[in-house]
>>> print(open('data.txt').read())   # compact mmCIF, C-alpha atoms and all ligand atoms
# COMPACT_ATOMS: atom_id res chain seq x y z
CA GLN E 11 19.50 -8.91 30.94
CA PRO E 12 16.37 -8.06 28.89
CA SER E 13 15.01 -11.10 27.05
CA ILE E 14 13.45 -11.10 23.59
CA MET E 15 10.03 -11.42 25.26
CA THR E 16 10.62 -8.26 27.29
CA PHE E 17 11.47 -6.47 24.09
CA PHE E 18 8.26 -7.63 22.41
CA LYS E 19 6.16 -6.80 25.45
CA LYS E 20 7.67 -3.34 25.55
CA SER E 21 6.98 -2.74 21.85
CA ALA E 22 3.39 -3.87 22.27
CA ARG E 23 2.99 -1.50 25.22
CA GLU E 24 4.41 1.37 23.20
CA GLU E 25 2.12 0.61 20.27
CA ASN E 26 -0.89 0.58 22.59
CA LYS E 27 0.10 3.86 24.19
CA GLN E 28 0.38 5.40 20.76
CA LYS E 29 -2.96 3.87 19.77
CA GLU E 30 -4.63 5.39 22.83
CA LYS E 31 -3.10 8.76 22.03
CA GLU E 32 -4.49 8.66 18.51
CA GLY E 33 -7.87 7.38 19.62
CA ASN E 34 -8.18 4.74 16.90
CA ASN E 35 -6.24 3.01 14.20
CA SER E 36 -7.27 5.11 11.28
CA SER E 37 -7.93 8.55 9.97
CA GLY E 38 -10.92 9.32 7.84
CA ASN E 39 -14.35 7.81 7.89
CA VAL E 40 -13.86 4.03 7.96
CA SER E 41 -17.45 2.91 8.39
CA GLY E 42 -20.66 4.01 6.74
CA ASN E 43 -19.24 4.05 3.24
CA GLU E 44 -19.92 1.12 0.97
CA PHE E 45 -17.98 2.37 -2.05
CA PRO E 46 -15.54 -0.11 -3.62
CA THR E 47 -12.29 0.44 -1.75
CA LEU E 48 -8.70 0.11 -2.93
CA ALA E 49 -6.21 -0.58 -0.15
CA PHE E 50 -2.65 0.31 -1.10
CA PRO E 51 0.74 0.42 0.60
CA SER E 52 3.06 3.36 0.16
CA ILE E 53 4.89 2.35 -3.03
CA SER E 54 8.72 2.44 -2.97
CA THR E 55 9.19 3.97 0.48
CA SER E 56 10.65 0.99 2.30
CA ASP E 57 12.85 -1.50 0.46
CA PHE E 58 13.13 0.89 -2.52
CA GLN E 59 14.20 3.76 -0.20
CA PHE E 60 12.27 6.58 -1.85
CA ASP E 61 12.16 9.87 0.08
CA LEU E 62 9.11 9.90 2.37
CA ASP E 63 8.34 13.60 2.15
CA LYS E 64 8.34 13.57 -1.66
CA ALA E 65 6.33 10.32 -1.71
CA SER E 66 3.69 11.73 0.64
CA ASP E 67 3.21 14.77 -1.63
CA ILE E 68 2.76 12.47 -4.61
CA ILE E 69 0.27 10.23 -2.78
CA ILE E 70 -1.87 13.23 -1.85
CA GLU E 71 -1.73 14.84 -5.31
CA SER E 72 -2.47 11.58 -7.11
CA ALA E 73 -5.33 10.67 -4.79
CA GLN E 74 -6.87 14.11 -4.99
CA ASP E 75 -6.64 14.18 -8.76
CA PHE E 76 -8.17 10.69 -9.04
CA LEU E 77 -11.03 11.32 -6.61
CA LYS E 78 -11.97 14.49 -8.47
CA ARG E 79 -12.39 12.51 -11.66
CA VAL E 80 -13.97 9.29 -10.35
CA ASP E 81 -17.03 9.10 -8.09
CA ASN E 82 -18.18 6.37 -5.74
CA VAL E 83 -14.81 4.85 -4.96
CA ARG E 84 -12.63 5.03 -1.89
CA LEU E 85 -8.86 4.85 -1.32
CA ALA E 86 -7.15 3.53 1.81
CA LEU E 87 -3.42 3.99 2.39
CA VAL E 88 -2.29 1.18 4.68
CA ASP E 89 0.82 0.55 6.76
CA LEU E 90 1.74 -1.93 9.45
CA SER E 91 2.57 0.28 12.39
CA TYR E 92 1.10 3.13 14.39
CA LYS E 93 4.56 4.66 14.19
CA SER E 94 4.55 4.71 10.38
CA ARG E 95 6.17 7.96 9.29
CA ILE E 96 4.58 7.85 5.84
CA LEU E 97 1.10 7.50 7.37
CA SER E 98 1.65 10.53 9.63
CA LEU E 99 2.99 12.65 6.77
CA VAL E 100 0.07 11.71 4.54
CA ARG E 101 -2.47 12.34 7.31
CA GLU E 102 -1.06 15.82 7.98
CA LYS E 103 -1.05 16.71 4.29
CA ALA E 104 -4.52 15.25 3.71
CA VAL E 105 -5.91 17.58 6.36
CA LYS E 106 -4.04 20.60 4.98
CA LYS E 107 -5.24 19.90 1.44
CA GLY E 108 -8.81 19.26 2.58
CA ILE E 109 -9.16 15.78 1.06
CA ASP E 110 -12.63 14.28 1.50
CA SER E 111 -12.16 12.01 4.55
CA SER E 112 -15.01 9.73 3.53
CA ARG E 113 -13.16 8.86 0.32
CA PHE E 114 -9.52 8.87 1.40
CA ILE E 115 -8.46 7.17 4.61
CA THR E 116 -5.25 6.00 6.25
CA PHE E 117 -5.33 2.70 8.09
CA VAL E 118 -2.96 0.78 10.35
CA GLY E 119 -3.01 -2.94 9.67
CA ASP E 120 -1.67 -5.79 7.61
CA ILE E 121 -2.97 -5.42 4.05
CA THR E 122 -3.62 -9.18 3.96
CA GLN E 123 -5.91 -9.05 7.02
CA LEU E 124 -7.83 -5.82 6.67
CA TYR E 125 -11.30 -7.32 6.97
CA SER E 126 -10.66 -10.20 9.38
CA LYS E 127 -8.55 -8.14 11.82
CA GLY E 128 -9.56 -4.56 11.10
CA GLY E 129 -13.15 -4.75 9.83
CA LEU E 130 -12.18 -2.77 6.73
CA ARG E 131 -13.63 -4.19 3.52
CA CYS E 132 -11.35 -3.70 0.53
CA THR E 133 -12.21 -5.64 -2.60
CA VAL E 134 -9.02 -4.57 -4.33
CA ILE E 135 -5.52 -4.43 -2.83
CA ALA E 136 -2.30 -3.11 -4.35
CA ASN E 137 1.08 -4.77 -4.12
CA ALA E 138 4.45 -2.98 -4.22
CA ALA E 139 5.89 -5.57 -6.58
CA ASN E 140 9.29 -6.36 -8.12
CA TRP E 141 9.86 -6.20 -11.88
CA ARG E 142 9.72 -9.99 -12.32
CA LEU E 143 6.41 -10.22 -10.43
CA ARG E 144 7.99 -12.89 -8.25
CA PRO E 145 6.76 -13.93 -4.80
CA GLY E 146 8.99 -13.45 -1.76
CA GLY E 147 11.70 -10.85 -1.40
CA GLY E 148 10.23 -9.31 1.75
CA GLY E 149 7.90 -6.40 2.44
CA VAL E 150 4.33 -6.28 1.29
CA ASN E 151 5.09 -8.38 -1.82
CA ALA E 152 6.09 -11.40 0.25
CA ALA E 153 3.07 -10.95 2.56
CA ILE E 154 0.53 -10.75 -0.29
CA PHE E 155 1.88 -13.71 -2.27
CA LYS E 156 2.06 -15.78 0.91
CA ALA E 157 -1.47 -14.93 2.05
CA ALA E 158 -3.00 -15.38 -1.41
CA GLY E 159 -1.43 -18.80 -2.01
CA GLU E 160 -0.03 -20.28 -5.20
CA VAL E 161 -3.14 -19.39 -7.22
CA LEU E 162 -1.99 -15.74 -7.24
CA GLU E 163 1.35 -16.73 -8.76
CA VAL E 164 -0.41 -18.68 -11.51
CA ALA E 165 -2.98 -15.95 -12.19
CA THR E 166 -0.22 -13.31 -12.26
CA LYS E 167 1.81 -15.28 -14.83
CA GLU E 168 -1.27 -15.48 -17.05
CA ARG E 169 -1.50 -11.68 -17.08
CA ALA E 170 2.12 -10.57 -17.31
CA GLY E 171 5.70 -11.77 -17.12
CA THR E 172 7.41 -8.54 -16.06
CA LEU E 173 6.52 -4.97 -15.12
CA ASN E 174 8.15 -1.65 -16.05
CA PRO E 175 8.75 0.97 -13.36
CA GLY E 176 5.71 3.25 -13.17
CA SER E 177 3.23 0.65 -14.41
CA ALA E 178 0.62 -1.65 -12.91
CA VAL E 179 -1.19 -4.87 -13.74
CA ALA E 180 -4.50 -5.99 -12.26
CA VAL E 181 -4.86 -9.69 -11.52
CA PRO E 182 -8.25 -11.24 -10.73
CA LEU E 183 -7.84 -13.38 -7.62
CA PRO E 184 -9.20 -16.93 -8.03
CA SER E 185 -11.97 -17.69 -5.55
CA ALA E 186 -9.88 -20.59 -4.18
CA SER E 187 -7.47 -18.07 -2.66
CA PRO E 188 -7.64 -17.68 1.13
CA LEU E 189 -7.38 -13.93 0.57
CA TYR E 190 -10.56 -14.04 -1.50
CA GLN E 191 -12.39 -16.31 0.94
CA ARG E 192 -11.32 -14.71 4.22
CA GLU E 193 -10.87 -11.08 3.26
CA GLY E 194 -13.18 -10.65 0.26
CA VAL E 195 -10.36 -9.52 -2.03
CA THR E 196 -11.27 -10.00 -5.70
CA HIS E 197 -8.24 -8.36 -7.36
CA VAL E 198 -4.60 -7.73 -6.61
CA ILE E 199 -2.98 -4.90 -8.55
CA HIS E 200 0.79 -5.25 -8.82
CA VAL E 201 2.59 -1.90 -9.09
CA LEU E 202 6.28 -1.29 -9.72
CA GLY E 203 7.56 1.93 -8.22
CA PRO E 204 10.86 3.81 -8.66
CA ASN E 205 13.87 2.25 -6.98
CA MET E 206 16.41 4.30 -4.97
CA ASN E 207 18.12 1.25 -3.48
CA PRO E 208 21.50 0.53 -5.15
CA GLN E 209 21.10 -3.17 -4.32
CA ARG E 210 17.94 -3.56 -6.45
CA PRO E 211 17.31 -3.56 -10.22
CA ASN E 212 16.48 -0.31 -12.09
CA TYR E 213 18.38 1.79 -9.53
CA LEU E 214 17.80 5.51 -10.25
CA GLU E 215 21.00 6.84 -8.62
CA ASN E 216 19.07 9.36 -6.55
CA ASP E 217 17.61 11.06 -9.63
CA TYR E 218 14.42 12.44 -8.09
CA THR E 219 13.31 14.14 -11.31
CA LYS E 220 12.95 10.70 -12.88
CA GLY E 221 11.92 9.11 -9.58
CA CYS E 222 9.02 11.48 -8.92
CA LYS E 223 7.72 11.07 -12.46
CA ILE E 224 7.84 7.28 -12.13
CA LEU E 225 6.09 7.38 -8.76
CA ARG E 226 3.32 9.62 -10.19
CA ASP E 227 2.95 7.24 -13.14
CA ALA E 228 2.82 4.29 -10.74
CA TYR E 229 -0.06 5.80 -8.73
CA SER E 230 -1.97 6.89 -11.80
CA SER E 231 -1.63 3.40 -13.37
CA LEU E 232 -2.70 1.87 -10.07
CA PHE E 233 -5.77 4.08 -9.72
CA GLU E 234 -6.77 3.60 -13.39
CA SER E 235 -6.47 -0.18 -13.01
CA PHE E 236 -8.63 0.06 -9.91
CA THR E 237 -11.40 1.86 -11.83
CA SER E 238 -11.23 -0.68 -14.61
CA VAL E 239 -11.83 -3.59 -12.23
CA ALA E 240 -14.12 -1.93 -9.69
CA CYS E 241 -16.41 0.34 -11.68
N1 LIG E 301 0.68 -4.69 5.10
C1 LIG E 301 0.68 -3.34 4.90
N2 LIG E 301 1.78 -2.63 4.59
C2 LIG E 301 2.94 -3.29 4.52
C3 LIG E 301 3.04 -4.70 4.71
C4 LIG E 301 1.84 -5.41 5.01
N3 LIG E 301 1.83 -6.72 5.20
N4 LIG E 301 4.35 -5.05 4.56
C5 LIG E 301 5.04 -3.93 4.27
N5 LIG E 301 4.20 -2.86 4.26
P1 LIG E 301 8.00 -2.49 0.59
P2 LIG E 301 8.91 -1.02 -1.80
C6 LIG E 301 4.50 -1.45 3.94
O1 LIG E 301 9.38 -2.61 1.07
O2 LIG E 301 9.63 -0.03 -0.99
C7 LIG E 301 9.84 -6.12 -2.13
O3 LIG E 301 10.76 -7.05 -1.69
C8 LIG E 301 5.87 -0.93 4.30
O4 LIG E 301 5.93 -0.54 5.68
O5 LIG E 301 7.13 -3.70 0.65
O6 LIG E 301 8.06 -0.55 -2.96
C9 LIG E 301 9.46 -6.26 -3.60
O7 LIG E 301 9.70 -7.57 -4.08
C10 LIG E 301 5.98 0.26 3.37
O8 LIG E 301 5.28 1.38 3.91
O9 LIG E 301 7.94 -1.99 -0.97
C11 LIG E 301 10.34 -5.23 -4.29
O10 LIG E 301 11.57 -5.78 -4.69
C12 LIG E 301 5.26 -0.20 2.10
O11 LIG E 301 4.49 -1.34 2.52
C13 LIG E 301 10.58 -4.18 -3.22
O12 LIG E 301 10.38 -4.81 -1.97
C14 LIG E 301 6.15 -0.60 0.94
O13 LIG E 301 7.28 -1.30 1.41
C15 LIG E 301 9.62 -3.02 -3.32
O14 LIG E 301 9.98 -2.04 -2.38
>>> encode(input="data.txt", output="structure tokens")
Amino acid sequence: QPSIMTFFKKSAREENKQKEKEGNNSSGNVSGNEFPTLAFPSISTSDFQFDLDKASDIIIESAQDFLKRVDNVRLALVDLSYKSRILSLVREKAVKKGIDSSRFITFVGDITQLYSKGGLRCTVIANAANWRLRPGGGGVNAAIFKAAGEVLEVATKERAGTLNPGSAVAVPLPSASPLYQREGVTHVIHVLGPNMNPQRPNYLENDYTKGCKILRDAYSSLFESFTSVAC
């Protein structure tokens, strides 16, 4: 009878095997670039169930468009696992499209521990938020609010009460926050992406014409907010 521990040990072994195969935990040039860096999760592709192939195209197009227009900044797409499908799709497409690997990277790690656990300095992090900008609910939203402490909730309420799909709001992180002190994060940008999950508000009923537009708007609002706080 396999125990829970055996299961965990096996998963850790598998992750390590995968890690060895890939050589490291990132693609792109992680060190030697001191540009302000925005770390962001793939918006809408987990709890909000947005199609991964379409999302990866939008991430690449939006990043490429942004990096053409704005110098001296860097973008890092982050996900928790080496097995992340969205990270592999984006990596493949980034290579095909010839994105500058010193300015666009993919990184495996917890977005709340990028510096302390991964050595990646990101002054600004994005959150895949809900429309009420509430803590909890799971995914990256729960992780960020938990790691940042109550000060993030208070600072968020001062900036905005709700968010429309496709928009973003940048919140300066009070220096009392553990995320500021431990990770060097100065701003959290909440982004609301399109929702393809019938159990969640603003469900788009699989309308990918609307969904893709909202996802593009979400990334462009996110990247514009990043320039306004980092440049
Ligand atoms: N660090 C890095 N990436 C993460 C982390 C983390 N700690 N946690 C999750 N991800 P999701 P959505 C990745 O579901 O689809 C929330 O409950 C995850 O693997 O967080 O936009 C909100 O309150 C995936 O690649 O966001 C909303 O109601 C990506 O982050 C709703 O979910 C986004 O997954 C938003 O759904």
>>> residues_around(input="data.txt", residues="E:Thr237", least_positions_apart="2", cutoff="12 Å", atoms="all atoms listed in the file", output="PDB file with C-alpha atoms, in the coordinates of the input")
ATOM      1  CA  PHE E  45     -17.980   2.370  -2.050  1.00  0.00           C
ATOM      2  CA  PRO E  46     -15.540  -0.110  -3.620  1.00  0.00           C
ATOM      3  CA  THR E  47     -12.290   0.440  -1.750  1.00  0.00           C
ATOM      4  CA  LEU E  48      -8.700   0.110  -2.930  1.00  0.00           C
ATOM      5  CA  PHE E  76      -8.170  10.690  -9.040  1.00  0.00           C
ATOM      6  CA  LEU E  77     -11.030  11.320  -6.610  1.00  0.00           C
ATOM      7  CA  ARG E  79     -12.390  12.510 -11.660  1.00  0.00           C
ATOM      8  CA  VAL E  80     -13.970   9.290 -10.350  1.00  0.00           C
ATOM      9  CA  ASP E  81     -17.030   9.100  -8.090  1.00  0.00           C
ATOM     10  CA  ASN E  82     -18.180   6.370  -5.740  1.00  0.00           C
ATOM     11  CA  VAL E  83     -14.810   4.850  -4.960  1.00  0.00           C
ATOM     12  CA  ARG E  84     -12.630   5.030  -1.890  1.00  0.00           C
ATOM     13  CA  LEU E  85      -8.860   4.850  -1.320  1.00  0.00           C
ATOM     14  CA  THR E 133     -12.210  -5.640  -2.600  1.00  0.00           C
ATOM     15  CA  VAL E 134      -9.020  -4.570  -4.330  1.00  0.00           C
ATOM     16  CA  ALA E 180      -4.500  -5.990 -12.260  1.00  0.00           C
ATOM     17  CA  HIS E 197      -8.240  -8.360  -7.360  1.00  0.00           C
ATOM     18  CA  ILE E 199      -2.980  -4.900  -8.550  1.00  0.00           C
ATOM     19  CA  SER E 230      -1.970   6.890 -11.800  1.00  0.00           C
ATOM     20  CA  SER E 231      -1.630   3.400 -13.370  1.00  0.00           C
ATOM     21  CA  LEU E 232      -2.700   1.870 -10.070  1.00  0.00           C
ATOM     22  CA  PHE E 233      -5.770   4.080  -9.720  1.00  0.00           C
ATOM     23  CA  GLU E 234      -6.770   3.600 -13.390  1.00  0.00           C
ATOM     24  CA  SER E 235      -6.470  -0.180 -13.010  1.00  0.00           C
ATOM     25  CA  VAL E 239     -11.830  -3.590 -12.230  1.00  0.00           C
ATOM     26  CA  ALA E 240     -14.120  -1.930  -9.690  1.00  0.00           C
ATOM     27  CA  CYS E 241     -16.410   0.340 -11.680  1.00  0.00           C
TER      28      CYS E 241
END
>>> residues_near_ligand(input="data.txt", ligand="ligand LIG 301 (chain E)", cutoff="8 Å", atoms="all atoms listed in the file", output="VMD selection string")
chain E and resid 50 to 60 88 to 91 94 96 118 to 122 137 to 141 143 to 154 202 to 205 210
>>> write_last_selection(input="data.txt", atoms="C-alpha atoms", output="CSV table (one decimal), keeping the file's coordinate frame")
chain,number,residue,atom,x,y,z
E,50,PHE,CA,-2.6,0.3,-1.1
E,51,PRO,CA,0.7,0.4,0.6
E,52,SER,CA,3.1,3.4,0.2
E,53,ILE,CA,4.9,2.4,-3.0
E,54,SER,CA,8.7,2.4,-3.0
E,55,THR,CA,9.2,4.0,0.5
E,56,SER,CA,10.6,1.0,2.3
E,57,ASP,CA,12.8,-1.5,0.5
E,58,PHE,CA,13.1,0.9,-2.5
E,59,GLN,CA,14.2,3.8,-0.2
E,60,PHE,CA,12.3,6.6,-1.8
E,88,VAL,CA,-2.3,1.2,4.7
E,89,ASP,CA,0.8,0.6,6.8
E,90,LEU,CA,1.7,-1.9,9.4
E,91,SER,CA,2.6,0.3,12.4
E,94,SER,CA,4.6,4.7,10.4
E,96,ILE,CA,4.6,7.8,5.8
E,118,VAL,CA,-3.0,0.8,10.4
E,119,GLY,CA,-3.0,-2.9,9.7
E,120,ASP,CA,-1.7,-5.8,7.6
E,121,ILE,CA,-3.0,-5.4,4.0
E,122,THR,CA,-3.6,-9.2,4.0
E,137,ASN,CA,1.1,-4.8,-4.1
E,138,ALA,CA,4.4,-3.0,-4.2
E,139,ALA,CA,5.9,-5.6,-6.6
E,140,ASN,CA,9.3,-6.4,-8.1
E,141,TRP,CA,9.9,-6.2,-11.9
E,143,LEU,CA,6.4,-10.2,-10.4
E,144,ARG,CA,8.0,-12.9,-8.2
E,145,PRO,CA,6.8,-13.9,-4.8
E,146,GLY,CA,9.0,-13.4,-1.8
E,147,GLY,CA,11.7,-10.8,-1.4
E,148,GLY,CA,10.2,-9.3,1.8
E,149,GLY,CA,7.9,-6.4,2.4
E,150,VAL,CA,4.3,-6.3,1.3
E,151,ASN,CA,5.1,-8.4,-1.8
E,152,ALA,CA,6.1,-11.4,0.2
E,153,ALA,CA,3.1,-11.0,2.6
E,154,ILE,CA,0.5,-10.8,-0.3
E,202,LEU,CA,6.3,-1.3,-9.7
E,203,GLY,CA,7.6,1.9,-8.2
E,204,PRO,CA,10.9,3.8,-8.7
E,205,ASN,CA,13.9,2.2,-7.0
E,210,ARG,CA,17.9,-3.6,-6.4
>>> atom_distance(input="data.txt", atom1="atom CA of E:Ala65", atom2="atom CA of E:Lys220")
13.0 Å
>>> closest_residue(input="data.txt", among="E:Gly129, E:Val181, E:His200, E:Thr116", to="E:Tyr92", atoms="all atoms listed in the file")
E:Thr116
>>> closest_residue(input="data.txt", among="E:Pro208, E:Gly128, E:Pro188, E:Pro175", to="E:Gly221", atoms="all atoms listed in the file")
E:Pro175
>>> atom_distance(input="data.txt", atom1="atom CA of E:Ser187", atom2="atom CA of E:Lys156")
10.4 Å
>>> residues_around(input="data.txt", residues="E:Arg169", least_positions_apart="3", cutoff="10 Å", atoms="only C-alpha atoms", output="VMD selection string")
chain E and resid 164 to 166 172 179 to 182
>>> closest_residue(input="data.txt", among="E:Val161, E:Phe236, E:Asp63, E:Ala73", to="E:Ala186", atoms="only C-alpha atoms")
E:Val161
>>> decode(input="data.txt", residues="stretch 185-197 of chain E", atoms="N, CA, C and O atoms", output="short mmCIF file (atom, residue, chain, number, x, y, z; two decimals), in the first residue's frame")
data_model
loop_
_atom_site.label_atom_id
_atom_site.label_comp_id
_atom_site.auth_asym_id
_atom_site.auth_seq_id
_atom_site.Cartn_x
_atom_site.Cartn_y
_atom_site.Cartn_z
N SER E 185 6.36 48.85 3.40
CA SER E 185 7.65 48.23 3.73
C SER E 185 7.54 47.27 4.92
O SER E 185 8.46 46.50 5.19
N ALA E 186 6.41 47.31 5.64
CA ALA E 186 6.20 46.36 6.73
C ALA E 186 5.89 44.95 6.22
O ALA E 186 5.94 43.98 6.98
N SER E 187 5.58 44.83 4.95
CA SER E 187 5.20 43.52 4.43
C SER E 187 6.40 42.57 4.35
O SER E 187 7.47 42.96 3.89
N PRO E 188 6.21 41.32 4.78
CA PRO E 188 7.29 40.34 4.67
C PRO E 188 7.76 40.16 3.22
O PRO E 188 8.93 39.86 2.97
N LEU E 189 6.86 40.37 2.29
CA LEU E 189 7.22 40.21 0.87
C LEU E 189 8.18 41.32 0.43
O LEU E 189 9.05 41.13 -0.41
N TYR E 190 8.00 42.48 1.01
CA TYR E 190 8.90 43.61 0.76
C TYR E 190 10.25 43.33 1.42
O TYR E 190 11.31 43.44 0.80
N GLN E 191 10.19 42.94 2.69
CA GLN E 191 11.43 42.77 3.47
C GLN E 191 12.26 41.59 3.00
O GLN E 191 13.47 41.68 2.87
N ARG E 192 11.61 40.46 2.74
CA ARG E 192 12.34 39.24 2.40
C ARG E 192 12.67 39.14 0.92
O ARG E 192 13.75 38.70 0.54
N GLU E 193 11.73 39.60 0.08
CA GLU E 193 11.89 39.37 -1.36
C GLU E 193 12.24 40.63 -2.15
O GLU E 193 12.53 40.57 -3.33
N GLY E 194 12.13 41.79 -1.50
CA GLY E 194 12.42 43.05 -2.20
C GLY E 194 11.32 43.49 -3.16
O GLY E 194 11.58 44.25 -4.08
N VAL E 195 10.10 43.01 -2.92
CA VAL E 195 8.98 43.40 -3.80
C VAL E 195 8.43 44.76 -3.35
O VAL E 195 8.07 44.94 -2.18
N THR E 196 8.38 45.71 -4.27
CA THR E 196 7.87 47.05 -3.90
C THR E 196 6.43 47.28 -4.38
O THR E 196 5.75 48.14 -3.86
N HIS E 197 6.00 46.53 -5.40
CA HIS E 197 4.63 46.70 -5.90
C HIS E 197 4.01 45.35 -6.28
O HIS E 197 4.71 44.48 -6.82
#
